[in-house]
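Listing of data.cif; format and content: mmCIF, C-alpha atoms, pLDDT in the B column; chains and numbers go by the auth columns.
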data_data
loop_
_atom_site.group_PDB
_atom_site.id
_atom_site.type_symbol
_atom_site.label_atom_id
_atom_site.label_comp_id
_atom_site.label_asym_id
_atom_site.label_seq_id
_atom_site.Cartn_x
_atom_site.Cartn_y
_atom_site.Cartn_z
_atom_site.B_iso_or_equiv
_atom_site.auth_seq_id
_atom_site.auth_asym_id
ATOM 1 C CA GLU A 1 -53.849 -62.922 -45.901 60.00 1 V
ATOM 2 C CA GLY A 2 -53.164 -66.030 -47.983 65.00 2 V
ATOM 3 C CA THR A 3 -54.626 -69.438 -47.185 72.00 3 V
ATOM 4 C CA GLY A 4 -51.714 -71.593 -48.322 79.00 4 V
ATOM 5 C CA GLU A 5 -54.138 -73.479 -50.585 84.00 5 V
ATOM 6 C CA PRO A 6 -53.243 -74.130 -54.260 89.00 6 V
ATOM 7 C CA LEU A 7 -54.494 -71.466 -56.669 92.00 7 V
ATOM 8 C CA PRO A 8 -55.254 -72.778 -60.173 95.00 8 V
ATOM 9 C CA GLY A 9 -55.363 -70.415 -63.141 95.00 9 V
ATOM 10 C CA ALA A 10 -52.817 -67.837 -61.950 95.00 10 V
ATOM 11 C CA ALA A 11 -50.745 -66.310 -64.774 96.00 11 V
ATOM 12 C CA ILE A 12 -46.956 -66.498 -64.295 95.00 12 V
ATOM 13 C CA ARG A 13 -44.592 -64.350 -66.394 94.00 13 V
ATOM 14 C CA VAL A 14 -40.796 -64.061 -66.478 90.00 14 V
ATOM 15 C CA GLY A 15 -39.664 -61.776 -69.300 86.00 15 V
ATOM 16 C CA GLU A 16 -41.442 -62.971 -72.440 88.00 16 V
ATOM 17 C CA HIS A 17 -42.091 -66.453 -71.005 90.00 17 V
ATOM 18 C CA THR A 18 -45.572 -67.141 -69.613 93.00 18 V
ATOM 19 C CA THR A 19 -47.574 -70.028 -68.196 94.00 19 V
ATOM 20 C CA THR A 20 -50.600 -70.692 -65.984 95.00 20 V
ATOM 21 C CA THR A 21 -50.839 -72.683 -62.767 94.00 21 V
ATOM 22 C CA ASP A 22 -52.618 -76.034 -63.059 95.00 22 V
ATOM 23 C CA LEU A 23 -55.436 -77.389 -60.856 95.00 23 V
ATOM 24 C CA THR A 24 -52.946 -78.113 -58.065 94.00 24 V
ATOM 25 C CA GLY A 25 -51.409 -74.603 -58.248 92.00 25 V
ATOM 26 C CA TYR A 26 -48.228 -75.996 -59.838 92.00 26 V
ATOM 27 C CA TYR A 27 -46.447 -74.262 -62.688 91.00 27 V
ATOM 28 C CA GLU A 28 -43.413 -75.000 -64.799 89.00 28 V
ATOM 29 C CA LEU A 29 -41.643 -72.374 -66.862 86.00 29 V
ATOM 30 C CA GLU A 30 -38.428 -72.647 -68.848 82.00 30 V
ATOM 31 C CA VAL A 31 -36.395 -69.443 -68.530 78.00 31 V
ATOM 32 C CA ASP A 32 -33.070 -68.274 -69.966 72.00 32 V
ATOM 33 C CA GLU A 33 -30.532 -67.551 -67.201 68.00 33 V
ATOM 34 C CA GLU A 34 -29.549 -64.109 -68.611 63.00 34 V
ATOM 35 C CA ASP A 35 -25.910 -64.393 -67.427 61.00 35 V
ATOM 36 C CA GLY A 36 -26.961 -65.016 -63.817 66.00 36 V
ATOM 37 C CA GLU A 37 -28.759 -61.669 -63.611 78.00 37 V
ATOM 38 C CA PRO A 38 -31.910 -61.576 -61.438 83.00 38 V
ATOM 39 C CA GLN A 39 -35.218 -61.484 -63.314 86.00 39 V
ATOM 40 C CA GLN A 40 -38.697 -60.321 -62.319 91.00 40 V
ATOM 41 C CA VAL A 41 -41.362 -62.967 -61.724 92.00 41 V
ATOM 42 C CA HIS A 42 -44.888 -61.541 -62.151 95.00 42 V
ATOM 43 C CA VAL A 43 -48.027 -63.373 -61.004 95.00 43 V
ATOM 44 C CA THR A 44 -51.618 -62.259 -61.604 95.00 44 V
ATOM 45 C CA LYS A 45 -55.068 -63.718 -60.991 94.00 45 V
ATOM 46 C CA ALA A 46 -58.450 -61.980 -61.023 91.00 46 V
ATOM 47 C CA GLY A 47 -59.592 -61.187 -57.482 89.00 47 V
ATOM 48 C CA TYR A 48 -56.022 -61.213 -56.109 91.00 48 V
ATOM 49 C CA GLN A 49 -53.321 -58.595 -55.721 91.00 49 V
ATOM 50 C CA ALA A 50 -50.640 -58.778 -58.404 94.00 50 V
ATOM 51 C CA TYR A 51 -47.315 -60.157 -57.188 94.00 51 V
ATOM 52 C CA SER A 52 -43.816 -59.393 -58.411 95.00 52 V
ATOM 53 C CA GLU A 53 -40.448 -60.552 -57.097 92.00 53 V
ATOM 54 C CA GLN A 54 -36.879 -60.484 -58.334 90.00 54 V
ATOM 55 C CA VAL A 55 -35.443 -64.014 -58.556 84.00 55 V
ATOM 56 C CA SER A 56 -31.927 -65.182 -59.376 79.00 56 V
ATOM 57 C CA PHE A 57 -31.602 -68.261 -61.551 70.00 57 V
ATOM 58 C CA ASP A 58 -28.408 -70.231 -61.005 69.00 58 V
ATOM 59 C CA GLU A 59 -27.097 -71.450 -64.350 69.00 59 V
ATOM 60 C CA ASP A 60 -25.872 -74.648 -62.656 69.00 60 V
ATOM 61 C CA ALA A 61 -29.327 -75.505 -61.291 67.00 61 V
ATOM 62 C CA ASP A 62 -31.702 -77.566 -63.421 69.00 62 V
ATOM 63 C CA GLU A 63 -34.776 -76.416 -61.501 72.00 63 V
ATOM 64 C CA VAL A 64 -35.793 -73.572 -59.216 74.00 64 V
ATOM 65 C CA PHE A 65 -38.755 -73.993 -56.894 76.00 65 V
ATOM 66 C CA GLN A 66 -40.630 -70.807 -56.088 78.00 66 V
ATOM 67 C CA ASP A 67 -43.690 -70.930 -53.820 82.00 67 V
ATOM 68 C CA ILE A 68 -45.780 -67.794 -54.187 86.00 68 V
ATOM 69 C CA GLU A 69 -48.686 -66.761 -51.987 89.00 69 V
ATOM 70 C CA LEU A 70 -51.174 -64.298 -53.480 90.00 70 V
ATOM 71 C CA GLN A 71 -53.271 -62.027 -51.285 89.00 71 V
ATOM 72 C CA LYS A 72 -56.979 -61.476 -51.955 88.00 72 V
ATOM 73 C CA ALA A 73 -57.659 -58.070 -53.478 86.00 73 V
ATOM 74 C CA ALA A 74 -59.560 -55.540 -51.371 81.00 74 V
ATOM 75 C CA ILE A 75 -63.151 -55.024 -52.498 72.00 75 V
ATOM 76 C CA ASP A 76 -64.054 -51.593 -53.895 63.00 76 V
ATOM 77 C CA PRO A 77 -66.862 -50.282 -51.607 64.00 77 V
ATOM 78 C CA HIS A 78 -68.379 -48.376 -54.557 65.00 78 V
ATOM 79 C CA ASN A 79 -68.596 -51.493 -56.703 63.00 79 V
ATOM 80 C CA PRO A 80 -68.424 -54.679 -54.600 59.00 80 V
ATOM 81 C CA ALA A 81 -68.340 -56.845 -57.736 59.00 81 V
ATOM 82 C CA LEU A 82 -64.834 -55.570 -58.588 55.00 82 V
ATOM 83 C CA PRO A 83 -61.594 -55.459 -56.609 54.00 83 V
ATOM 84 C CA GLU A 84 -60.182 -51.950 -56.107 52.00 84 V
ATOM 85 C CA ASN A 85 -57.498 -52.380 -58.774 52.00 85 V
ATOM 86 C CA GLU A 86 -59.833 -53.518 -61.594 53.00 86 V
ATOM 87 C CA SER A 87 -62.203 -51.551 -63.815 50.00 87 V
ATOM 88 C CA ARG A 88 -64.936 -52.323 -66.340 49.00 88 V
ATOM 89 C CA GLU A 89 -63.402 -50.867 -69.473 48.00 89 V
#

Rewrite the coordinates I just gave you, this time as structure tokens.
Amino acid sequence: EGTGEPLPGAAIRVGEHTTTTDLTGYYELEVDEEDGEPQQVHVTKAGYQAYSEQVSFDEDADEVFQDIELQKAAIDPHNPALPENESRE
């Protein structure tokens, strides 16, 4: 369950465009509209479950605001130092 608190340092990716959230959890990313076709927004941060959502960008809109809430990753009982979806390779 998310806390609703800002999460600095999360990686945001849409296509080949990437950025990272700042200390207040805010991010800004310039994206091509791709003829109004929806695009996948991917968000990752160590210790949290990866997030992905399809978002439509209106070519007439100057900005799109997208609040994203990441969920803490479950802890691997065999290695409590790592979430279940991470490994030490």

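Take the PyMOL selection byres ((chain V and resi 8) around 7) and apply it to this file: it picks Pro6, Leu7, Gly9, Ala10, Thr21, Asp22, Leu23, Thr24 and Gly25 of chain V.
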
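We find atom CA of V:Leu70 and atom CA of V:His17 to be spaced 19.9 Å apart.
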
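Atom pair atom CA of V:Asp32 / atom CA of V:Glu63: separated by 11.9 Å.
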
Using only C-alpha atoms, pick whichever of V:Ala46, V:Val55, V:Ile12, V:Ile75 has the shortest atom-to-atom distance to V:Tyr26. V:Ile12

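For the set V:Gln49, V:Glu69, V:Val41, V:Ala11, the residue with the smallest atom-to-atom gap to V:Tyr27 is V:Ala11, counting all atoms listed in the file.
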